[in-house]
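> This is final-v4.pdb (PDB, C-alpha atoms and all ligand atoms).
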```pdb
ATOM      1  CA  MET A   1     -73.561 -66.267  87.277
ATOM      2  CA  ILE A   2     -77.267 -65.889  87.900
ATOM      3  CA  PRO A   3     -79.209 -69.137  87.304
ATOM      4  CA  GLU A   4     -81.289 -67.542  84.520
ATOM      5  CA  ASP A   5     -78.094 -67.096  82.495
ATOM      6  CA  PHE A   6     -77.374 -70.804  82.673
ATOM      7  CA  TYR A   7     -80.888 -71.830  81.631
ATOM      8  CA  ALA A   8     -80.791 -69.305  78.780
ATOM      9  CA  LEU A   9     -77.518 -70.868  77.647
ATOM     10  CA  VAL A  10     -79.073 -74.347  77.701
ATOM     11  CA  GLU A  11     -81.900 -73.025  75.554
ATOM     12  CA  GLN A  12     -79.519 -71.206  73.223
ATOM     13  CA  ARG A  13     -77.369 -74.272  72.494
ATOM     14  CA  GLN A  14     -78.585 -76.209  69.537
ATOM     15  CA  SER A  15     -77.072 -78.398  66.869
ATOM     16  CA  ASP A  16     -75.970 -75.978  64.197
ATOM     17  CA  ARG A  17     -75.336 -77.280  60.718
ATOM     18  CA  LYS A  18     -74.543 -74.093  58.809
ATOM     19  CA  PHE A  19     -71.464 -72.039  59.486
ATOM     20  CA  ASP A  20     -69.751 -68.973  58.144
ATOM     21  CA  PRO A  21     -66.738 -70.711  56.532
ATOM     22  CA  ASP A  22     -64.711 -67.493  56.412
ATOM     23  CA  ARG A  23     -64.942 -66.579  60.088
ATOM     24  CA  THR A  24     -62.180 -68.226  62.050
ATOM     25  CA  VAL A  25     -62.475 -68.982  65.748
ATOM     26  CA  PRO A  26     -59.768 -67.254  67.818
ATOM     27  CA  ASP A  27     -57.348 -69.553  69.594
ATOM     28  CA  ASP A  28     -58.071 -68.170  73.081
ATOM     29  CA  VAL A  29     -61.761 -69.011  72.566
ATOM     30  CA  LEU A  30     -60.848 -72.572  71.563
ATOM     31  CA  GLN A  31     -58.628 -72.924  74.602
ATOM     32  CA  ARG A  32     -61.436 -71.855  76.954
ATOM     33  CA  ILE A  33     -63.835 -74.310  75.301
ATOM     34  CA  ILE A  34     -61.378 -77.181  75.710
ATOM     35  CA  GLU A  35     -60.830 -76.124  79.326
ATOM     36  CA  ALA A  36     -64.584 -76.618  79.888
ATOM     37  CA  GLY A  37     -64.153 -80.177  78.590
ATOM     38  CA  ARG A  38     -61.071 -80.775  80.724
ATOM     39  CA  LEU A  39     -62.973 -79.766  83.867
ATOM     40  CA  SER A  40     -65.818 -82.236  83.219
ATOM     41  CA  PRO A  41     -66.599 -84.857  85.836
ATOM     42  CA  SER A  42     -65.835 -88.505  85.101
ATOM     43  CA  ALA A  43     -66.258 -91.870  86.835
ATOM     44  CA  CYS A  44     -63.486 -92.235  89.445
ATOM     45  CA  ASN A  45     -62.045 -89.010  87.983
ATOM     46  CA  SER A  46     -60.635 -91.230  85.266
ATOM     47  CA  GLN A  47     -60.689 -88.470  82.603
ATOM     48  CA  PRO A  48     -60.592 -91.016  79.758
ATOM     49  CA  TRP A  49     -60.322 -88.420  77.013
ATOM     50  CA  SER A  50     -58.076 -86.532  74.636
ATOM     51  CA  PHE A  51     -59.160 -83.821  72.250
ATOM     52  CA  VAL A  52     -57.650 -83.093  68.840
ATOM     53  CA  VAL A  53     -58.513 -79.584  67.658
ATOM     54  CA  VAL A  54     -58.288 -79.261  63.884
ATOM     55  CA  THR A  55     -58.497 -76.013  61.920
ATOM     56  CA  ASP A  56     -56.281 -76.868  58.926
ATOM     57  CA  PRO A  57     -58.600 -76.833  55.853
ATOM     58  CA  ALA A  58     -57.124 -79.918  54.152
ATOM     59  CA  THR A  59     -57.294 -82.011  57.331
ATOM     60  CA  ARG A  60     -60.805 -80.737  58.052
ATOM     61  CA  ASN A  61     -61.958 -81.895  54.631
ATOM     62  CA  ARG A  62     -60.582 -85.364  55.253
ATOM     63  CA  LEU A  63     -62.191 -85.489  58.705
ATOM     64  CA  ALA A  64     -65.513 -84.317  57.262
ATOM     65  CA  GLU A  65     -65.300 -87.129  54.717
ATOM     66  CA  ALA A  66     -64.659 -89.604  57.546
ATOM     67  CA  SER A  67     -67.645 -88.199  59.493
ATOM     68  CA  SER A  68     -70.233 -88.333  56.728
ATOM     69  CA  SER A  69     -72.025 -90.827  54.518
ATOM     70  CA  ARG A  70     -72.863 -90.432  50.850
ATOM     71  CA  VAL A  71     -75.370 -93.292  50.989
ATOM     72  CA  LEU A  72     -77.249 -91.943  53.984
ATOM     73  CA  MET A  73     -76.720 -88.307  52.894
ATOM     74  CA  MET A  74     -75.443 -87.541  56.367
ATOM     75  CA  ASN A  75     -73.190 -84.900  57.820
ATOM     76  CA  HIS A  76     -71.862 -83.280  54.654
ATOM     77  CA  PHE A  77     -72.295 -79.929  56.395
ATOM     78  CA  THR A  78     -69.284 -80.784  58.571
ATOM     79  CA  ARG A  79     -67.082 -79.614  55.697
ATOM     80  CA  GLN A  80     -68.173 -76.011  56.304
ATOM     81  CA  ALA A  81     -67.223 -75.893  59.952
ATOM     82  CA  PRO A  82     -63.996 -73.959  60.610
ATOM     83  CA  VAL A  83     -63.128 -76.119  63.632
ATOM     84  CA  GLN A  84     -63.486 -79.819  64.318
ATOM     85  CA  ILE A  85     -62.741 -81.267  67.744
ATOM     86  CA  ILE A  86     -62.097 -84.980  67.614
ATOM     87  CA  VAL A  87     -62.978 -86.576  70.937
ATOM     88  CA  VAL A  88     -60.808 -89.605  71.648
ATOM     89  CA  GLU A  89     -61.408 -92.232  74.303
ATOM     90  CA  GLU A  90     -58.329 -93.015  76.364
ATOM     91  CA  LYS A  91     -57.915 -96.024  78.659
ATOM     92  CA  ALA A  92     -59.827 -95.519  81.897
ATOM     93  CA  ASN A  93     -58.027 -95.761  85.228
ATOM     94  CA  PHE A  94     -58.038 -98.971  87.252
ATOM     95  CA  THR A  95     -61.008 -98.162  89.521
ATOM     96  CA  ALA A  96     -63.251 -96.977  86.682
ATOM     97  CA  THR A  97     -62.382-100.078  84.657
ATOM     98  CA  ILE A  98     -63.042-102.502  87.541
ATOM     99  CA  GLY A  99     -66.181-100.607  88.636
ATOM    100  CA  GLY A 100     -67.448-100.599  85.055
ATOM    101  CA  LYS A 101     -66.866-104.363  84.715
ATOM    102  CA  MET A 102     -68.678-105.056  87.998
ATOM    103  CA  LYS A 103     -71.645-102.899  86.994
ATOM    104  CA  GLY A 104     -71.653-103.752  83.294
ATOM    105  CA  ILE A 105     -71.392-100.080  82.396
ATOM    106  CA  HIS A 106     -68.850 -98.579  80.045
ATOM    107  CA  TYR A 107     -68.340 -95.409  82.084
ATOM    108  CA  ALA A 108     -66.126 -93.784  79.445
ATOM    109  CA  ASN A 109     -69.152 -93.385  77.148
ATOM    110  CA  ILE A 110     -70.900 -91.416  79.885
ATOM    111  CA  ASP A 111     -67.752 -89.398  80.672
ATOM    112  CA  LEU A 112     -67.185 -88.429  77.043
ATOM    113  CA  GLY A 113     -70.844 -87.464  76.657
ATOM    114  CA  ILE A 114     -70.594 -85.133  79.634
ATOM    115  CA  ALA A 115     -67.378 -83.629  78.250
ATOM    116  CA  ALA A 116     -69.176 -83.043  74.944
ATOM    117  CA  ALA A 117     -71.999 -81.293  76.817
ATOM    118  CA  HIS A 118     -69.484 -79.020  78.572
ATOM    119  CA  ILE A 119     -67.774 -78.254  75.272
ATOM    120  CA  THR A 120     -70.968 -77.448  73.374
ATOM    121  CA  LEU A 121     -72.354 -75.296  76.203
ATOM    122  CA  ALA A 122     -69.036 -73.444  76.433
ATOM    123  CA  ALA A 123     -69.153 -72.922  72.667
ATOM    124  CA  ALA A 124     -72.666 -71.469  72.988
ATOM    125  CA  ALA A 125     -71.461 -69.173  75.790
ATOM    126  CA  GLU A 126     -68.732 -67.964  73.417
ATOM    127  CA  GLY A 127     -71.334 -67.150  70.743
ATOM    128  CA  LEU A 128     -70.434 -70.189  68.619
ATOM    129  CA  GLY A 129     -72.605 -72.824  67.050
ATOM    130  CA  SER A 130     -71.732 -76.498  67.389
ATOM    131  CA  CYS A 131     -72.888 -79.966  66.461
ATOM    132  CA  ILE A 132     -71.892 -83.260  68.045
ATOM    133  CA  ILE A 133     -71.230 -85.848  65.352
ATOM    134  CA  GLY A 134     -71.502 -89.430  66.530
ATOM    135  CA  TRP A 135     -71.298 -90.885  63.027
ATOM    136  CA  VAL A 136     -67.529 -91.184  62.759
ATOM    137  CA  ASN A 137     -65.178 -93.601  61.051
ATOM    138  CA  ASP A 138     -62.846 -94.428  63.917
ATOM    139  CA  ALA A 139     -60.157 -96.161  61.826
ATOM    140  CA  LYS A 140     -60.059 -93.459  59.133
ATOM    141  CA  ILE A 141     -59.852 -90.615  61.640
ATOM    142  CA  ARG A 142     -57.145 -92.377  63.655
ATOM    143  CA  ASP A 143     -55.192 -92.738  60.432
ATOM    144  CA  ILE A 144     -55.715 -89.111  59.326
ATOM    145  CA  LEU A 145     -54.603 -87.717  62.680
ATOM    146  CA  GLY A 146     -51.947 -90.315  63.525
ATOM    147  CA  ILE A 147     -53.707 -91.278  66.754
ATOM    148  CA  PRO A 148     -51.727 -94.057  68.475
ATOM    149  CA  SER A 149     -53.290 -97.507  68.948
ATOM    150  CA  GLY A 150     -55.316 -98.379  72.045
ATOM    151  CA  ARG A 151     -57.551 -95.353  71.588
ATOM    152  CA  ARG A 152     -60.975 -94.925  70.029
ATOM    153  CA  VAL A 153     -62.488 -91.953  68.200
ATOM    154  CA  VAL A 154     -65.934 -91.428  69.684
ATOM    155  CA  MET A 155     -67.154 -88.065  68.403
ATOM    156  CA  ASN A 156     -66.367 -85.167  66.183
ATOM    157  CA  ILE A 157     -67.654 -81.863  67.568
ATOM    158  CA  VAL A 158     -67.842 -79.263  64.825
ATOM    159  CA  LEU A 159     -67.765 -75.590  65.761
ATOM    160  CA  GLY A 160     -68.041 -72.243  64.084
ATOM    161  CA  TYR A 161     -70.004 -69.033  63.830
ATOM    162  CA  SER A 162     -73.457 -70.295  63.010
ATOM    163  CA  THR A 163     -75.639 -69.051  60.189
ATOM    164  CA  ASP A 164     -78.453 -71.397  61.251
ATOM    165  CA  PRO A 165     -81.470 -69.619  62.759
ATOM    166  CA  HIS A 166     -82.320 -70.377  66.357
ATOM    167  CA  ARG A 167     -84.950 -73.140  66.597
ATOM    168  CA  LEU A 168     -87.417 -74.081  69.280
ATOM    169  CA  LYS A 169     -86.381 -77.356  70.880
ATOM    170  CA  LYS A 170     -88.291 -80.488  69.871
ATOM    171  CA  ARG A 171     -88.529 -82.533  73.035
ATOM    172  CA  LYS A 172     -90.820 -84.999  74.774
ATOM    173  CA  GLU A 173     -93.202 -83.390  77.234
ATOM    174  CA  THR A 174     -92.021 -83.249  80.842
ATOM    175  CA  SER A 175     -95.035 -85.385  81.820
ATOM    176  CA  GLU A 176     -93.702 -88.179  79.569
ATOM    177  CA  ILE A 177     -90.267 -88.309  81.169
ATOM    178  CA  LEU A 178     -90.627 -87.157  84.758
ATOM    179  CA  HIS A 179     -91.723 -89.296  87.683
ATOM    180  CA  ARG A 180     -91.877 -87.902  91.192
ATOM    181  CA  GLU A 181     -91.247 -89.998  94.300
ATOM    182  CA  LYS A 182     -92.144 -93.245  92.446
ATOM    183  CA  TRP A 183     -92.586 -94.433  88.831
TER     184      TRP A 183
HETATM  185  C1  LIG B   1     -74.097 -88.577  70.765
HETATM  186  C2  LIG B   1     -74.685 -87.672  69.699
HETATM  187  C3  LIG B   1     -74.444 -87.949  68.360
HETATM  188  C4  LIG B   1     -74.963 -87.109  67.367
HETATM  189  N1  LIG B   1     -74.636 -87.349  66.054
HETATM  190  C5  LIG B   1     -75.084 -86.510  65.100
HETATM  191  C6  LIG B   1     -74.702 -86.698  63.743
HETATM  192  O1  LIG B   1     -73.955 -87.618  63.396
HETATM  193  N2  LIG B   1     -75.181 -85.812  62.809
HETATM  194  C7  LIG B   1     -75.987 -84.756  63.160
HETATM  195  O2  LIG B   1     -76.362 -83.986  62.275
HETATM  196  N3  LIG B   1     -76.363 -84.546  64.445
HETATM  197  C8  LIG B   1     -75.925 -85.391  65.426
HETATM  198  N4  LIG B   1     -76.288 -85.178  66.728
HETATM  199  C9  LIG B   1     -77.154 -84.032  67.083
HETATM  200  C10 LIG B   1     -78.571 -84.479  67.431
HETATM  201  O3  LIG B   1     -79.270 -84.807  66.242
HETATM  202  C11 LIG B   1     -79.269 -83.322  68.196
HETATM  203  O4  LIG B   1     -78.590 -83.090  69.406
HETATM  204  C12 LIG B   1     -80.747 -83.613  68.508
HETATM  205  O5  LIG B   1     -81.497 -83.759  67.332
HETATM  206  C13 LIG B   1     -81.370 -82.483  69.345
HETATM  207  O6  LIG B   1     -81.277 -81.252  68.677
HETATM  208  P1  LIG B   1     -80.502 -79.991  69.293
HETATM  209  O7  LIG B   1     -79.073 -80.425  69.575
HETATM  210  O8  LIG B   1     -80.549 -78.942  68.215
HETATM  211  O9  LIG B   1     -81.181 -79.569  70.550
HETATM  212  C14 LIG B   1     -75.772 -85.990  67.730
HETATM  213  C15 LIG B   1     -75.996 -85.720  69.083
HETATM  214  C16 LIG B   1     -75.459 -86.530  70.059
HETATM  215  C17 LIG B   1     -75.686 -86.183  71.521
END
```
Represent the structure of the file as structure tokens.
Ligand SMILES: Cc1cc2nc3c(=O)[nH]c(=O)nc-3n(C[C@H](O)[C@H](O)[C@H](O)COP(=O)(O)O)c2cc1C


Amino acid sequence: MIPEDFYALVEQRQSDRKFDPDRTVPDDVLQRIIEAGRLSPSACNSQPWSFVVVTDPATRNRLAEASSSRVLMMNHFTRQAPVQIIVVEEKANFTATIGGKMKGIHYANIDLGIAAAHITLAAAAEGLGSCIIGWVNDAKIRDILGIPSGRRVVMNIVLGYSTDPHRLKKRKETSEILHREKW
């Protein structure tokens, strides 16, 4: 891959909130996207994740309900997405748990965020739109999917063929966030 392709992909990825509900995502595409998540780095290679890929319309509706808020008018678009990937936190391995306690850092949050970045960039490379949903009802989703205890639902990543136009990124200026050599 030439570097320009990667930077173009980073620019292309955006949070899409409109999808073609009738266009299904082929299974081989979904498998490659999950593979990108599986290959993510993690603290002490703990890999504290599982992914539940849901395409069944009835289950998707229930997950969308558990990922949205009527009061805050949030995330109702999730209903349209033909695929939802529920990202589940698994118990970290011993070294990541001890290291995290010593440093006061919950490394799994970082690990799952990186996995989500891999997944959404892979989706963009496959010509799909995606949106990471952090507003999730952990208990409801665990119940809907029959997720065993001792695990936590952290994100719902919705995917599909986007009908959202490409937007310019709204970001802080580099001068606001970058320090060189010292603060
Ligand atoms: C951890 C996390 C949680 C997010 N949760 C939501 C969400 O619940 N609903 C939503 O519409 N977008 C959500 N987003 C998307 C952000 O709003 C979006 O990434 C940000 O505004 C930048 O826009 P862009 O992704 O189009 O570049 C989330 C993103 C991240 C990384």

> I'd like to know which of A:Glu65, A:Asp20, A:Asp5, A:Asp111 is closest to Leu128 (chain A), using all atoms listed in the file.

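Nearest candidate to Leu128 (chain A) out of A:Glu65, A:Asp20, A:Asp5, A:Asp111: A:Asp20.
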
> Please report the interatomic distance between CA of Lys140 (chain A) and CA of Ala66 (chain A) in Å with one decimal.

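Here the two named atoms are 6.2 Å from each other.
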
> Any idea what's packed within 12 Å of His106 (chain A), counting only C-alpha atoms, ignoring anything in its chain fewer than 2 positions away? Could you give it as an mmCIF file with C-alpha atoms, keeping the file's coordinate frame?


```
data_model
loop_
_atom_site.group_PDB
_atom_site.id
_atom_site.type_symbol
_atom_site.label_atom_id
_atom_site.label_comp_id
_atom_site.auth_asym_id
_atom_site.auth_seq_id
_atom_site.Cartn_x
_atom_site.Cartn_y
_atom_site.Cartn_z
ATOM 1 C CA SER A 42 -65.835 -88.505 85.101
ATOM 2 C CA ALA A 43 -66.258 -91.870 86.835
ATOM 3 C CA PRO A 48 -60.592 -91.016 79.758
ATOM 4 C CA GLU A 89 -61.408 -92.232 74.303
ATOM 5 C CA LYS A 91 -57.915 -96.024 78.659
ATOM 6 C CA ALA A 92 -59.827 -95.519 81.897
ATOM 7 C CA ALA A 96 -63.251 -96.977 86.682
ATOM 8 C CA THR A 97 -62.382 -100.078 84.657
ATOM 9 C CA ILE A 98 -63.042 -102.502 87.541
ATOM 10 C CA GLY A 99 -66.181 -100.607 88.636
ATOM 11 C CA GLY A 100 -67.448 -100.599 85.055
ATOM 12 C CA LYS A 101 -66.866 -104.363 84.715
ATOM 13 C CA MET A 102 -68.678 -105.056 87.998
ATOM 14 C CA LYS A 103 -71.645 -102.899 86.994
ATOM 15 C CA GLY A 104 -71.653 -103.752 83.294
ATOM 16 C CA ALA A 108 -66.126 -93.784 79.445
ATOM 17 C CA ASN A 109 -69.152 -93.385 77.148
ATOM 18 C CA ILE A 110 -70.900 -91.416 79.885
ATOM 19 C CA ASP A 111 -67.752 -89.398 80.672
ATOM 20 C CA LEU A 112 -67.185 -88.429 77.043
ATOM 21 C CA GLY A 113 -70.844 -87.464 76.657
#
```

> Return the single residue from A:Gln47, A:Thr55, A:Gln14, A:Ser40 that is closest to Asp27 (chain A), with distances computed using all atoms listed in the file.

A:Thr55

> Between A:Gln31, A:Asn137, A:Ser46, A:Asn93, which one has atoms that come closest to ligand LIG 1 (chain B), using all atoms listed in the file?

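Among the listed residues, A:Asn137 lies closest to ligand LIG 1 (chain B).
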
> Could you work out how far CA of Asp22 (chain A) lies from CA of Ser68 (chain A), giving the answer in Å with one decimal?

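Answer for the CA of Ser68 (chain A) to CA of Asp22 (chain A) separation: 21.6 Å.
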
> For a test of reading the model, state the distance in Å between CA of Ala124 (chain A) and CA of Arg79 (chain A), rounded to one decimal.

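Between CA of Ala124 (chain A) and CA of Arg79 (chain A) the gap is 19.9 Å.
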
> Counting all atoms listed in the file, which residue out of A:Met74, A:Val87, A:Leu145, A:Ala81 sits closest to ligand LIG 1 (chain B)?

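The answer is A:Met74, which sits nearest to ligand LIG 1 (chain B).
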
> Around ligand LIG 1 (chain B), out to 10 Å and counting only C-alpha atoms and all ligand atoms, which residues are there? I want them as a PyMOL selection string.

chain A and resi 10-17+67-69+74-78+109+112-114+116-117+120+130-136+154-158+166-171

> When distances are computed from only C-alpha atoms, which of A:Pro165, A:Pro3, A:Pro41, A:Gly127 shows the smallest separation from Val29 (chain A)?

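Counting only C-alpha atoms, the residue closest to Val29 (chain A) is A:Gly127.
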
> For Ala36 (chain A), please output as a count of residues only all residues within 6 Å (counting only C-alpha atoms; exclusion window: fewer than 2 positions along the same chain).

6

> Rank nothing, just name the residue among A:Glu4, A:Ile144, A:Phe19, A:Val88 nearest to Asn61 (chain A), using all atoms listed in the file.

A:Ile144

> Report, as JSON, the centre and edge lengths in Å (one decimal) of the axis-aligned box enclosing every listed atom of region 51-68 of chain A, padded by 5 Å on each side.


```
{"center_x": -63.3, "center_y": -82.8, "center_z": 63.2, "size_x": 24.0, "size_y": 23.6, "size_z": 28.1}
```

> Please list as a PyMOL selection string every residue within 8 Å of Val25 (chain A), counting all atoms listed in the file and excluding residues in the same chain fewer than 3 positions away.

chain A and resi 29-30+82-83+160-161

> Could you expand the PyMOL selection byres (((chain A and resi 54) around 7) and not hetatm) into the explicit residues it covers here, written as a list in words?

Val52, Val53, Thr55, Asp56, Arg60, Val83, Gln84 and Ile85 of chain A
